[in-house]
>>> print(open('data15.cif').read())   # mmCIF, C-alpha atoms
data_start
#
loop_
_atom_site.label_atom_id
_atom_site.label_comp_id
_atom_site.auth_asym_id
_atom_site.auth_seq_id
_atom_site.Cartn_x
_atom_site.Cartn_y
_atom_site.Cartn_z
CA MET A 117 60.59 52.24 -53.35
CA LYS A 118 58.67 52.91 -56.51
CA GLN A 119 59.17 49.34 -57.50
CA PHE A 120 57.94 48.24 -54.12
CA LEU A 121 54.87 50.42 -54.39
CA PHE A 122 54.20 49.10 -57.85
CA ASN A 123 54.46 45.53 -56.68
CA PHE A 124 52.31 46.28 -53.69
CA LEU A 125 49.58 47.84 -55.80
CA PHE A 126 49.81 45.02 -58.26
CA ILE A 127 49.29 42.46 -55.54
CA VAL A 128 46.51 44.36 -53.80
CA LEU A 129 44.60 45.46 -56.87
CA LEU A 130 45.05 42.74 -59.41
CA VAL A 131 45.90 39.47 -57.79
CA PRO A 132 42.81 39.06 -55.59
CA GLY A 133 40.59 39.75 -58.59
CA THR A 134 42.17 37.10 -60.74
CA VAL A 135 42.81 34.54 -58.04
CA SER A 136 39.39 34.48 -56.39
CA GLY A 137 37.62 33.35 -59.55
CA GLN A 138 40.17 30.59 -60.13
CA GLU A 139 40.24 29.44 -56.55
CA GLN A 140 36.49 29.22 -56.52
CA VAL A 141 36.54 26.36 -59.02
CA GLN A 142 38.55 23.40 -57.88
CA MET A 143 39.07 20.57 -60.37
CA VAL A 144 38.55 17.04 -59.13
CA THR A 145 39.61 14.03 -61.16
CA GLN A 146 38.45 11.27 -58.80
CA PHE A 147 34.95 11.01 -57.39
CA ASP A 148 36.39 9.37 -54.27
CA SER A 149 38.03 12.62 -53.26
CA ILE A 150 34.62 14.31 -52.97
CA SER A 151 32.68 11.39 -51.47
CA TYR A 152 33.03 13.16 -48.09
CA LEU A 153 30.36 15.59 -49.34
CA PHE A 154 27.81 12.83 -48.86
CA GLU A 155 28.78 11.95 -45.30
CA PRO A 156 25.97 12.82 -42.87
CA ASP A 157 26.91 15.53 -40.40
CA ALA A 158 25.03 16.01 -37.14
CA GLU A 159 25.87 19.70 -37.12
CA LYS A 160 24.71 20.84 -40.51
CA VAL A 161 22.83 20.09 -43.71
CA GLN A 162 24.83 19.73 -46.90
CA ILE A 163 23.44 20.35 -50.38
CA VAL A 164 25.25 18.83 -53.33
CA ASN A 165 23.95 19.99 -56.70
CA PHE A 166 25.14 18.39 -59.95
CA TRP A 167 24.89 20.87 -62.80
CA ALA A 168 26.59 22.22 -65.93
CA THR A 169 26.56 25.54 -67.77
CA TRP A 170 25.07 23.76 -70.82
CA CYS A 171 22.17 22.29 -68.85
CA ALA A 172 19.20 24.67 -69.15
CA PRO A 173 17.13 23.33 -66.22
CA CYS A 174 20.26 23.41 -64.02
CA VAL A 175 20.90 27.03 -64.88
CA ARG A 176 17.24 27.87 -64.26
CA GLU A 177 17.23 26.39 -60.75
CA LEU A 178 20.67 27.65 -59.74
CA PRO A 179 19.34 30.90 -58.19
CA TYR A 180 17.29 28.82 -55.72
CA ILE A 181 20.30 26.69 -54.76
CA GLU A 182 22.47 29.80 -54.47
CA ALA A 183 19.77 31.43 -52.31
CA LEU A 184 20.35 28.70 -49.73
CA HIS A 185 23.98 29.73 -49.59
CA ASP A 186 23.00 33.40 -49.28
CA GLU A 187 20.41 32.91 -46.59
CA TYR A 188 22.09 30.36 -44.39
CA ASP A 189 25.40 30.17 -42.69
CA ASP A 190 27.76 27.47 -43.96
CA GLU A 191 27.61 25.95 -40.47
CA GLU A 192 23.88 25.47 -40.96
CA ILE A 193 23.48 24.67 -44.66
CA LYS A 194 26.56 24.10 -46.77
CA VAL A 195 26.07 24.26 -50.54
CA THR A 196 28.45 22.63 -53.03
CA LEU A 197 27.89 22.91 -56.77
CA VAL A 198 29.45 20.05 -58.72
CA SER A 199 29.93 21.08 -62.33
CA LEU A 200 30.03 18.44 -65.05
CA ASP A 201 31.31 20.85 -67.66
CA LEU A 202 34.28 19.94 -69.82
CA LYS A 203 37.75 20.67 -68.47
CA ARG A 204 38.50 22.90 -71.44
CA ASP A 205 35.42 25.03 -70.66
CA ARG A 206 36.64 26.01 -67.20
CA GLU A 207 38.12 29.38 -68.19
CA LYS A 208 35.89 29.91 -71.22
CA LYS A 209 32.48 29.12 -69.78
CA VAL A 210 32.35 28.05 -66.14
CA ILE A 211 34.27 30.89 -64.48
CA PRO A 212 32.64 33.63 -66.60
CA PHE A 213 29.23 32.10 -65.85
CA LEU A 214 29.91 32.10 -62.09
CA THR A 215 31.22 35.66 -62.19
CA LYS A 216 28.30 36.93 -64.25
CA ASN A 217 25.75 35.31 -61.97
CA GLU A 218 27.67 36.23 -58.80
CA ILE A 219 27.70 32.64 -57.56
CA GLN A 220 29.35 32.47 -54.13
CA SER A 221 28.72 28.81 -53.29
CA ASP A 222 31.63 26.39 -53.47
CA VAL A 223 32.06 25.06 -56.99
CA LEU A 224 33.92 21.91 -57.99
CA MET A 225 34.43 20.57 -61.47
CA LEU A 226 34.17 16.81 -61.40
CA LEU A 227 36.27 15.46 -64.26
CA ASP A 228 36.08 11.78 -63.31
CA SER A 229 35.00 10.19 -66.57
CA LYS A 230 34.14 6.82 -64.98
CA MET A 231 30.54 7.85 -64.63
CA ASN A 232 29.12 4.35 -64.57
CA THR A 233 30.97 3.83 -61.31
CA TRP A 234 30.32 7.05 -59.45
CA ILE A 235 26.70 7.65 -60.52
CA ASP A 236 25.68 4.63 -58.47
CA GLN A 237 27.90 5.75 -55.59
CA VAL A 238 25.90 8.98 -55.47
CA ASP A 239 22.53 7.24 -55.78
CA PRO A 240 21.67 3.88 -57.39
CA ASN A 241 18.34 5.37 -58.51
CA TRP A 242 19.98 8.22 -60.40
CA SER A 243 19.67 7.77 -64.17
CA GLY A 244 22.53 10.16 -64.83
CA ALA A 245 20.40 13.05 -66.08
CA ILE A 246 21.10 16.43 -64.53
CA PRO A 247 20.17 18.44 -62.54
CA LEU A 248 20.46 16.22 -59.49
CA THR A 249 20.35 17.64 -55.97
CA CYS A 250 21.35 15.64 -52.92
CA ILE A 251 20.34 16.75 -49.46
CA VAL A 252 22.67 15.33 -46.82
CA GLY A 253 21.07 15.35 -43.39
CA LYS A 254 22.13 14.31 -39.93
CA GLU A 255 21.85 10.59 -40.57
CA ASN A 256 21.34 9.95 -44.24
CA TYR A 257 20.89 11.64 -47.58
CA GLU A 258 18.34 11.76 -50.39
CA CYS A 259 18.88 12.77 -54.00
CA TYR A 260 16.29 14.35 -56.26
CA GLU A 261 16.52 14.04 -60.03
CA GLN A 262 14.41 17.08 -60.81
CA GLU A 263 14.46 20.81 -61.38
CA PHE A 264 13.50 22.96 -58.42
CA HIS A 265 11.27 25.98 -58.94
CA SER A 266 11.62 27.67 -55.55
CA VAL A 267 13.75 27.75 -52.41
CA ASP A 268 10.74 26.58 -50.41
CA GLU A 269 10.62 23.32 -52.34
CA ILE A 270 14.16 22.55 -51.20
CA ILE A 271 13.57 23.70 -47.62
CA THR A 272 10.54 21.39 -47.39
CA LEU A 273 12.73 18.46 -48.44
CA ILE A 274 15.44 19.45 -45.96
CA ASN A 275 12.88 19.47 -43.16
CA LYS A 276 11.52 16.14 -44.32
CA LEU A 277 14.96 14.57 -44.05
CA ASN A 278 15.89 15.92 -40.64
CA MET B 133 -14.34 0.34 -53.55
CA LYS B 134 -14.37 0.76 -57.30
CA PHE B 135 -12.83 4.15 -56.77
CA TYR B 136 -9.93 2.71 -54.78
CA SER B 137 -9.23 -0.02 -57.27
CA LEU B 138 -9.19 2.62 -59.98
CA ILE B 139 -6.59 4.60 -58.03
CA ILE B 140 -4.50 1.49 -57.40
CA GLY B 141 -4.79 0.67 -61.09
CA LEU B 142 -3.63 4.13 -62.04
CA LEU B 143 -0.74 3.95 -59.59
CA LEU B 144 0.36 0.62 -61.00
CA ALA B 145 0.04 1.88 -64.56
CA GLY B 146 2.02 4.96 -63.60
CA SER B 147 4.83 3.02 -62.01
CA CYS B 148 5.08 0.61 -64.94
CA LEU B 149 5.32 3.50 -67.37
CA ALA B 150 7.91 5.23 -65.25
CA GLN B 151 10.12 2.17 -65.16
CA GLY B 152 10.04 1.52 -68.89
CA LEU B 153 11.80 -1.44 -70.42
CA GLN B 154 14.09 -3.75 -68.50
CA VAL B 155 16.66 -6.11 -69.94
CA GLY B 156 14.74 -9.16 -71.14
CA ASP B 157 11.62 -7.21 -72.12
CA LEU B 158 10.25 -7.18 -75.65
CA ALA B 159 10.64 -3.70 -77.12
CA PRO B 160 7.49 -2.07 -78.48
CA ASP B 161 7.49 -1.10 -82.15
CA PHE B 162 6.92 2.50 -83.17
CA GLU B 163 6.35 4.51 -86.31
CA LEU B 164 8.19 7.83 -86.35
CA GLN B 165 9.21 10.24 -89.06
CA ASN B 166 12.76 10.17 -90.32
CA ILE B 167 14.62 13.29 -91.43
CA ASP B 168 14.15 12.17 -95.07
CA GLY B 169 10.38 12.26 -94.57
CA SER B 170 9.87 8.49 -94.53
CA MET B 171 8.30 6.66 -91.62
CA VAL B 172 10.55 4.31 -89.64
CA SER B 173 9.54 1.23 -87.64
CA LEU B 174 11.52 -1.69 -86.31
CA ASP B 175 9.45 -3.76 -88.76
CA ASN B 176 11.19 -1.96 -91.64
CA TYR B 177 14.31 -3.94 -90.77
CA GLU B 178 12.89 -7.45 -90.66
CA GLY B 179 15.79 -9.87 -90.68
CA ALA B 180 18.17 -7.59 -88.79
CA ASN B 181 20.46 -9.35 -86.32
CA GLY B 182 19.84 -6.60 -83.80
CA TYR B 183 18.79 -3.01 -83.30
CA ILE B 184 20.79 -0.22 -81.69
CA ILE B 185 18.23 2.33 -80.49
CA ILE B 186 19.94 5.58 -79.51
CA PHE B 187 17.93 8.31 -77.84
CA THR B 188 19.97 11.37 -78.74
CA CYS B 189 19.61 14.97 -79.85
CA ASN B 190 21.42 17.96 -81.31
CA HIS B 191 21.76 20.25 -78.32
CA CYS B 192 23.17 18.08 -75.54
CA PRO B 193 26.99 18.24 -75.31
CA PHE B 194 27.14 14.64 -74.10
CA ALA B 195 25.14 13.58 -77.17
CA VAL B 196 27.38 15.63 -79.46
CA MET B 197 30.51 14.04 -77.93
CA TYR B 198 29.26 10.67 -79.13
CA GLU B 199 28.33 11.57 -82.73
CA ASP B 200 31.64 10.40 -84.20
CA ARG B 201 31.62 7.26 -82.08
CA ILE B 202 28.07 6.49 -83.31
CA ASN B 203 29.23 6.90 -86.91
CA ALA B 204 32.09 4.49 -86.17
CA LEU B 205 29.59 1.99 -84.75
CA TYR B 206 27.57 2.30 -87.95
CA ASP B 207 30.66 1.62 -90.06
CA LYS B 208 31.48 -1.44 -88.01
CA TYR B 209 28.08 -3.00 -87.39
CA ASN B 210 25.63 -1.96 -90.10
CA SER B 211 27.07 -4.47 -92.56
CA LEU B 212 26.87 -7.12 -89.83
CA GLY B 213 23.11 -6.62 -89.62
CA TYR B 214 22.91 -4.35 -86.60
CA GLN B 215 20.58 -1.48 -87.42
CA ILE B 216 21.23 1.86 -85.74
CA ILE B 217 18.13 4.00 -85.19
CA ALA B 218 18.65 7.41 -83.57
CA ILE B 219 15.58 8.93 -81.92
CA ASN B 220 15.29 12.56 -80.82
CA PRO B 221 12.90 12.53 -77.83
CA ASN B 222 12.98 16.26 -77.07
CA ASP B 223 10.18 18.76 -77.54
CA PRO B 224 11.55 21.28 -80.08
CA GLU B 225 9.38 24.00 -78.56
CA VAL B 226 11.47 23.66 -75.42
CA LYS B 227 14.76 23.17 -77.31
CA PRO B 228 14.56 24.81 -80.77
CA GLN B 229 18.01 23.35 -81.53
CA ASP B 230 16.32 19.92 -81.58
CA SER B 231 13.76 20.83 -84.24
CA PHE B 232 13.13 18.56 -87.23
CA VAL B 233 14.91 20.99 -89.58
CA ASN B 234 17.91 21.24 -87.24
CA MET B 235 18.02 17.43 -87.07
CA GLN B 236 18.24 17.37 -90.87
CA ILE B 237 21.03 19.94 -90.81
CA ARG B 238 23.02 18.16 -88.09
CA ALA B 239 22.64 14.74 -89.74
CA LYS B 240 23.95 16.18 -92.98
CA GLU B 241 26.89 17.90 -91.25
CA LYS B 242 27.88 14.70 -89.49
CA GLY B 243 27.07 12.41 -92.42
CA PHE B 244 24.65 10.16 -90.48
CA GLN B 245 23.87 7.13 -92.62
CA PHE B 246 21.26 5.75 -90.24
CA PRO B 247 17.72 6.97 -89.60
CA TYR B 248 17.41 9.96 -87.26
CA ILE B 249 13.76 10.07 -86.29
CA ILE B 250 11.71 12.38 -84.11
CA ASP B 251 9.48 11.28 -81.24
CA ASP B 252 7.22 14.23 -82.00
CA LYS B 253 4.36 13.15 -79.73
CA GLN B 254 6.84 12.12 -77.01
CA GLU B 255 5.08 8.77 -76.67
CA VAL B 256 7.91 6.43 -77.57
CA TYR B 257 10.67 7.43 -75.13
CA PRO B 258 8.44 6.84 -72.05
CA GLN B 259 7.60 3.34 -73.32
CA PHE B 260 11.32 2.60 -73.46
CA GLY B 261 11.95 4.40 -70.18
CA ALA B 262 14.62 6.67 -71.62
CA THR B 263 15.40 9.51 -69.23
CA LYS B 264 18.20 11.32 -70.98
CA THR B 265 20.28 11.81 -74.10
CA PRO B 266 22.29 9.86 -75.02
CA HIS B 267 20.56 6.69 -73.80
CA ILE B 268 21.05 3.36 -75.59
CA TYR B 269 18.80 0.31 -75.91
CA LEU B 270 20.35 -2.68 -77.68
CA LEU B 271 17.77 -5.17 -78.97
CA ASP B 272 18.49 -8.64 -80.27
CA GLN B 273 17.00 -10.07 -83.48
CA TYR B 274 13.74 -10.85 -81.63
CA LYS B 275 13.51 -7.22 -80.43
CA VAL B 276 14.24 -8.29 -76.87
CA VAL B 277 16.20 -5.70 -74.86
CA ARG B 278 19.67 -7.02 -74.10
CA TYR B 279 21.55 -3.93 -73.01
CA ILE B 280 20.57 -0.49 -71.64
CA GLY B 281 22.83 2.44 -70.92
CA ALA B 282 25.95 4.15 -72.17
CA ILE B 283 28.07 3.70 -75.28
CA ASP B 284 31.28 3.47 -73.29
CA ASP B 285 32.76 4.42 -69.94
CA SER B 286 34.24 7.79 -70.86
CA ALA B 287 31.99 10.34 -72.54
CA ARG B 288 34.16 13.38 -72.14
CA ASP B 289 37.48 11.84 -73.09
CA GLU B 290 37.46 9.28 -75.88
CA THR B 291 41.14 8.54 -75.34
CA ALA B 292 40.38 7.44 -71.76
CA VAL B 293 37.82 4.80 -72.79
CA GLU B 294 38.56 1.52 -71.06
CA GLU B 295 35.30 -0.32 -71.63
CA LYS B 296 33.23 -0.07 -74.78
CA TYR B 297 30.01 -1.22 -73.14
CA LEU B 298 27.80 -1.11 -76.23
CA GLU B 299 30.34 -2.68 -78.54
CA ASN B 300 31.05 -5.43 -76.00
CA ALA B 301 27.31 -6.03 -75.72
CA ILE B 302 26.94 -6.33 -79.51
CA GLU B 303 29.89 -8.70 -79.64
CA ALA B 304 28.28 -10.79 -76.88
CA LEU B 305 25.05 -11.04 -78.91
CA ARG B 306 27.02 -11.96 -82.03
CA HIS B 307 28.48 -14.85 -80.09
CA GLY B 308 25.14 -15.88 -78.64
CA ILE B 309 25.87 -14.85 -75.07
CA LEU B 310 24.19 -12.34 -72.79
CA PRO B 311 25.95 -8.99 -72.41
CA ARG B 312 27.66 -8.26 -69.08
CA PRO B 313 27.16 -5.64 -67.81
CA SER B 314 23.63 -5.43 -69.20
CA VAL B 315 22.92 -2.04 -67.64
CA THR B 316 25.29 0.92 -67.31
CA LYS B 317 24.93 4.57 -66.46
CA ALA B 318 26.28 7.84 -67.79
CA ILE B 319 25.67 11.53 -67.39
CA GLY B 320 23.33 13.03 -69.94
CA CYS B 321 20.81 15.77 -70.56
CA SER B 322 17.32 15.24 -69.23
CA ILE B 323 14.70 14.76 -71.95
CA LYS B 324 13.01 18.08 -72.61
CA THR B 325 9.24 18.28 -72.15
CA LYS B 326 6.84 21.15 -71.56
CA SER B 327 5.57 20.02 -68.16
#
>>> encode(input="data15.cif", output="structure tokens")
Amino acid sequence: MKQFLFNFLFIVLLVPGTVSGQEQVQMVTQFDSISYLFEPDAEKVQIVNFWATWCAPCVRELPYIEALHDEYDDEEIKVTLVSLDLKRDREKKVIPFLTKNEIQSDVLMLLDSKMNTWIDQVDPNWSGAIPLTCIVGKENYECYEQEFHSVDEIITLINKLN
Amino acid sequence: MKFYSLIIGLLLAGSCLAQGLQVGDLAPDFELQNIDGSMVSLDNYEGANGYIIIFTCNHCPFAVMYEDRINALYDKYNSLGYQIIAINPNDPEVKPQDSFVNMQIRAKEKGFQFPYIIDDKQEVYPQFGATKTPHIYLLDQYKVVRYIGAIDDSARDETAVEEKYLENAIEALRHGILPRPSVTKAIGCSIKTKS
């Protein structure tokens, strides 16, 4: 019984804490497996933000991207943060960063090194510099190679697209 | 009417600047300070078989990942007449890690044997059209742009490199043929400016 209680407490108290951070950051080795993020959806708007913990403008604008997740239901606006950090920095930098900044949006780490191929798949006009934010509307999507300075800036672009 | 043509003129000028150099364009010369204090221009290397212009910096992880590979390119191609010139386009007030002194320190640490110059007025990178670090422009002996883009197809994992774009482009020039692909893309850090 004691053992059972111990196990029970262990599972309840410790496991969710450790697992949620890990589960939050899925690693993706092929761009193709996330290309669905760019498929227009009549029901909702999707925001795909390319960022990295080492990218200062990305980190600066992240609160505005995260605010979209906070303020809107996933059924209305779905936010996905695509991290371009190194694989080895997942535990050391990415997860601590997300925990510290209380990021709740979905986070993927894109480890596909064949950038010359997938950069053009995202947007042929993208130079490859980050941050890049794509707004996927009902029929098409637009990407913006810039740093945002407010939520309103993004909302304006969402309205423009739909 | 004059007013409108002025606006159209400005728009055209703006769009040309924004686009920068394309493959086939003649690269503009520049005069920028090297970490040893000397001034560096393309003209300093009259007689070179080609020029490897690398917009790079200290702070960007994707630039750092390529430092050893750039040194290897120097070892292979400097003696063959291909001059590497590294240019830091970032405003050090925005990124103190990219200051002139820190460039000197980093170059010494990594044993750079090529010029590492600073675009201190940030006037050169827009003429080239560089948008990020690292960003490569390979010029032929006539200073005509022959290749723009990445060093290879795998920044984060050198062991996974399948195509050495820049090296293939240099080899193409050495054999008198045009590089294919002539433009490639890679992830990098945006160039840091105050605006």
>>> atom_distance(input="data15.cif", atom1="atom CA of Lys296 of chain B", atom2="atom CA of Ala195 of chain B")
16.0 Å
>>> interface_residues(input="data15.cif", of="chain B", to="chain A", cutoff="6 Å", atoms="only C-alpha atoms", output="PDB file with C-alpha atoms, keeping the file's coordinate frame")
ATOM      1  CA  LYS B 264      18.200  11.320 -70.980  1.00  0.00           C
ATOM      2  CA  ASP B 285      32.760   4.420 -69.940  1.00  0.00           C
ATOM      3  CA  SER B 286      34.240   7.790 -70.860  1.00  0.00           C
ATOM      4  CA  THR B 316      25.290   0.920 -67.310  1.00  0.00           C
ATOM      5  CA  LYS B 317      24.930   4.570 -66.460  1.00  0.00           C
ATOM      6  CA  ALA B 318      26.280   7.840 -67.790  1.00  0.00           C
ATOM      7  CA  ILE B 319      25.670  11.530 -67.390  1.00  0.00           C
ATOM      8  CA  GLY B 320      23.330  13.030 -69.940  1.00  0.00           C
ATOM      9  CA  CYS B 321      20.810  15.770 -70.560  1.00  0.00           C
ATOM     10  CA  SER B 322      17.320  15.240 -69.230  1.00  0.00           C
TER      11      SER B 322
END
>>> residues_around(input="data15.cif", residues="Cys189 of chain B", least_positions_apart="4", cutoff="9 Å", atoms="all atoms listed in the file", output="VMD selection string")
chain B and resid 195 to 196 218 to 222 229 to 230 235 265 to 266
>>> resolve_selection(input="data15.cif", expression="the PyMOL selection byres ((chain A and resi 156) around 6)", output="list in words")
Glu155, Asp157, Val252, Gly253, Lys254, Glu255 and Asn256 of chain A
>>> closest_residue(input="data15.cif", among="A:Lys160, A:Val267, A:Glu177, A:Glu182", to="Leu248 of chain A", atoms="all atoms listed in the file")
A:Glu177
>>> atom_distance(input="data15.cif", atom1="atom CA of Val223 of chain A", atom2="atom CA of His267 of chain B")
27.4 Å
>>> closest_residue(input="data15.cif", among="A:Gln142, A:Gln237, A:Gln162, A:Thr196", to="Ile274 of chain A", atoms="only C-alpha atoms")
A:Gln162
>>> closest_residue(input="data15.cif", among="B:Asn210, B:Gln151, B:Gln254, B:Ser231", to="Leu164 of chain B", atoms="all atoms listed in the file")
B:Gln254
>>> resolve_selection(input="data15.cif", expression="the PyMOL selection byres ((chain B and resi 154) around 10)", output="number ranges by chain")
B: 151-153, 155-159, 260-261, 269, 276-280, 314-315
>>> closest_residue(input="data15.cif", among="B:Met197, B:Val233, B:Ile216, B:Val226", to="Leu298 of chain B", atoms="only C-alpha atoms")
B:Ile216
>>> atom_distance(input="data15.cif", atom1="atom CA of Glu187 of chain A", atom2="atom CA of Phe147 of chain A")
28.4 Å
>>> closest_residue(input="data15.cif", among="B:Phe162, B:Tyr274, B:Phe246, B:Tyr257", to="Asn181 of chain B", atoms="only C-alpha atoms")
B:Tyr274
>>> closest_residue(input="data15.cif", among="B:Asp200, B:Glu163, B:Glu299, B:Glu241", to="Ile217 of chain B", atoms="all atoms listed in the file")
B:Glu163
>>> axis_aligned_box(input="data15.cif", around="segment 263-276 of chain A", padding_each_side="6 Å", output="lines of an AutoDock Vina configuration file")
center_x = 13.0
center_y = 21.9
center_z = -52.3
size_x = 16.9
size_y = 23.6
size_z = 30.2
>>> resolve_selection(input="data15.cif", expression="the PyMOL selection byres ((chain B and resi 204) around 12)", output="number ranges by chain")
B: 198-203, 205-210, 216, 242-246, 283, 299
>>> residues_around(input="data15.cif", residues="Arg206 of chain A", least_positions_apart="4", cutoff="10 Å", atoms="all atoms listed in the file", output="list of chain:residue names")
A:Gln138, A:Val141, A:Gln142, A:Met143, A:Ser199, A:Asp201, A:Leu202, A:Val210, A:Ile211, A:Pro212, A:Phe213, A:Met225
>>> build_atoms(input="data15.cif", residues="segment 186-193 of chain A", atoms="all heavy atoms", output="compact mmCIF listing (two decimals), in the frame of the given file")
# COMPACT_ATOMS: atom_id res chain seq x y z
N ASP A 186 23.13 31.99 -49.72
CA ASP A 186 23.00 33.40 -49.28
C ASP A 186 22.33 33.50 -47.93
O ASP A 186 22.72 34.30 -47.08
CB ASP A 186 22.15 34.18 -50.29
CG ASP A 186 22.94 34.51 -51.54
OD1 ASP A 186 24.17 34.35 -51.51
OD2 ASP A 186 22.31 34.90 -52.54
N GLU A 187 21.27 32.71 -47.76
CA GLU A 187 20.41 32.91 -46.59
C GLU A 187 20.87 32.18 -45.35
O GLU A 187 20.48 32.52 -44.25
CB GLU A 187 18.97 32.49 -46.93
CG GLU A 187 18.31 33.47 -47.90
CD GLU A 187 16.97 32.97 -48.39
OE1 GLU A 187 16.31 32.20 -47.67
OE2 GLU A 187 16.59 33.35 -49.51
N TYR A 188 21.67 31.15 -45.55
CA TYR A 188 22.09 30.36 -44.39
C TYR A 188 23.60 30.38 -44.23
O TYR A 188 24.34 30.44 -45.21
CB TYR A 188 21.61 28.91 -44.52
CG TYR A 188 20.12 28.79 -44.48
CD1 TYR A 188 19.38 28.89 -45.66
CD2 TYR A 188 19.44 28.59 -43.28
CE1 TYR A 188 18.00 28.80 -45.64
CE2 TYR A 188 18.06 28.49 -43.26
CZ TYR A 188 17.34 28.60 -44.43
OH TYR A 188 15.98 28.51 -44.41
N ASP A 189 24.00 30.29 -43.01
CA ASP A 189 25.40 30.17 -42.69
C ASP A 189 25.91 28.81 -43.15
O ASP A 189 25.17 27.82 -43.12
CB ASP A 189 25.53 30.29 -41.16
CG ASP A 189 26.93 30.65 -40.75
OD1 ASP A 189 27.75 29.73 -40.59
OD2 ASP A 189 27.18 31.86 -40.64
N ASP A 190 27.18 28.75 -43.54
CA ASP A 190 27.76 27.47 -43.96
C ASP A 190 27.69 26.41 -42.85
O ASP A 190 27.69 25.22 -43.12
CB ASP A 190 29.23 27.66 -44.37
CG ASP A 190 29.35 28.01 -45.85
OD1 ASP A 190 28.29 28.16 -46.50
OD2 ASP A 190 30.48 28.14 -46.33
N GLU A 191 27.68 26.88 -41.61
CA GLU A 191 27.61 25.95 -40.47
C GLU A 191 26.24 25.32 -40.36
O GLU A 191 26.04 24.32 -39.67
CB GLU A 191 27.97 26.67 -39.17
CG GLU A 191 29.34 27.32 -39.17
CD GLU A 191 30.44 26.33 -39.52
OE1 GLU A 191 30.48 25.24 -38.91
OE2 GLU A 191 31.25 26.63 -40.43
N GLU A 192 25.26 25.96 -41.05
CA GLU A 192 23.88 25.47 -40.96
C GLU A 192 23.53 24.68 -42.23
O GLU A 192 23.14 23.53 -42.17
CB GLU A 192 22.96 26.69 -40.84
CG GLU A 192 21.78 26.48 -39.95
CD GLU A 192 20.98 27.77 -39.77
OE1 GLU A 192 21.54 28.87 -40.01
OE2 GLU A 192 19.80 27.68 -39.44
N ILE A 193 23.68 25.34 -43.37
CA ILE A 193 23.48 24.67 -44.66
C ILE A 193 24.68 24.98 -45.54
O ILE A 193 24.97 26.14 -45.84
CB ILE A 193 22.19 25.15 -45.37
CG1 ILE A 193 20.95 24.80 -44.53
CG2 ILE A 193 22.09 24.50 -46.75
CD1 ILE A 193 19.64 25.23 -45.17
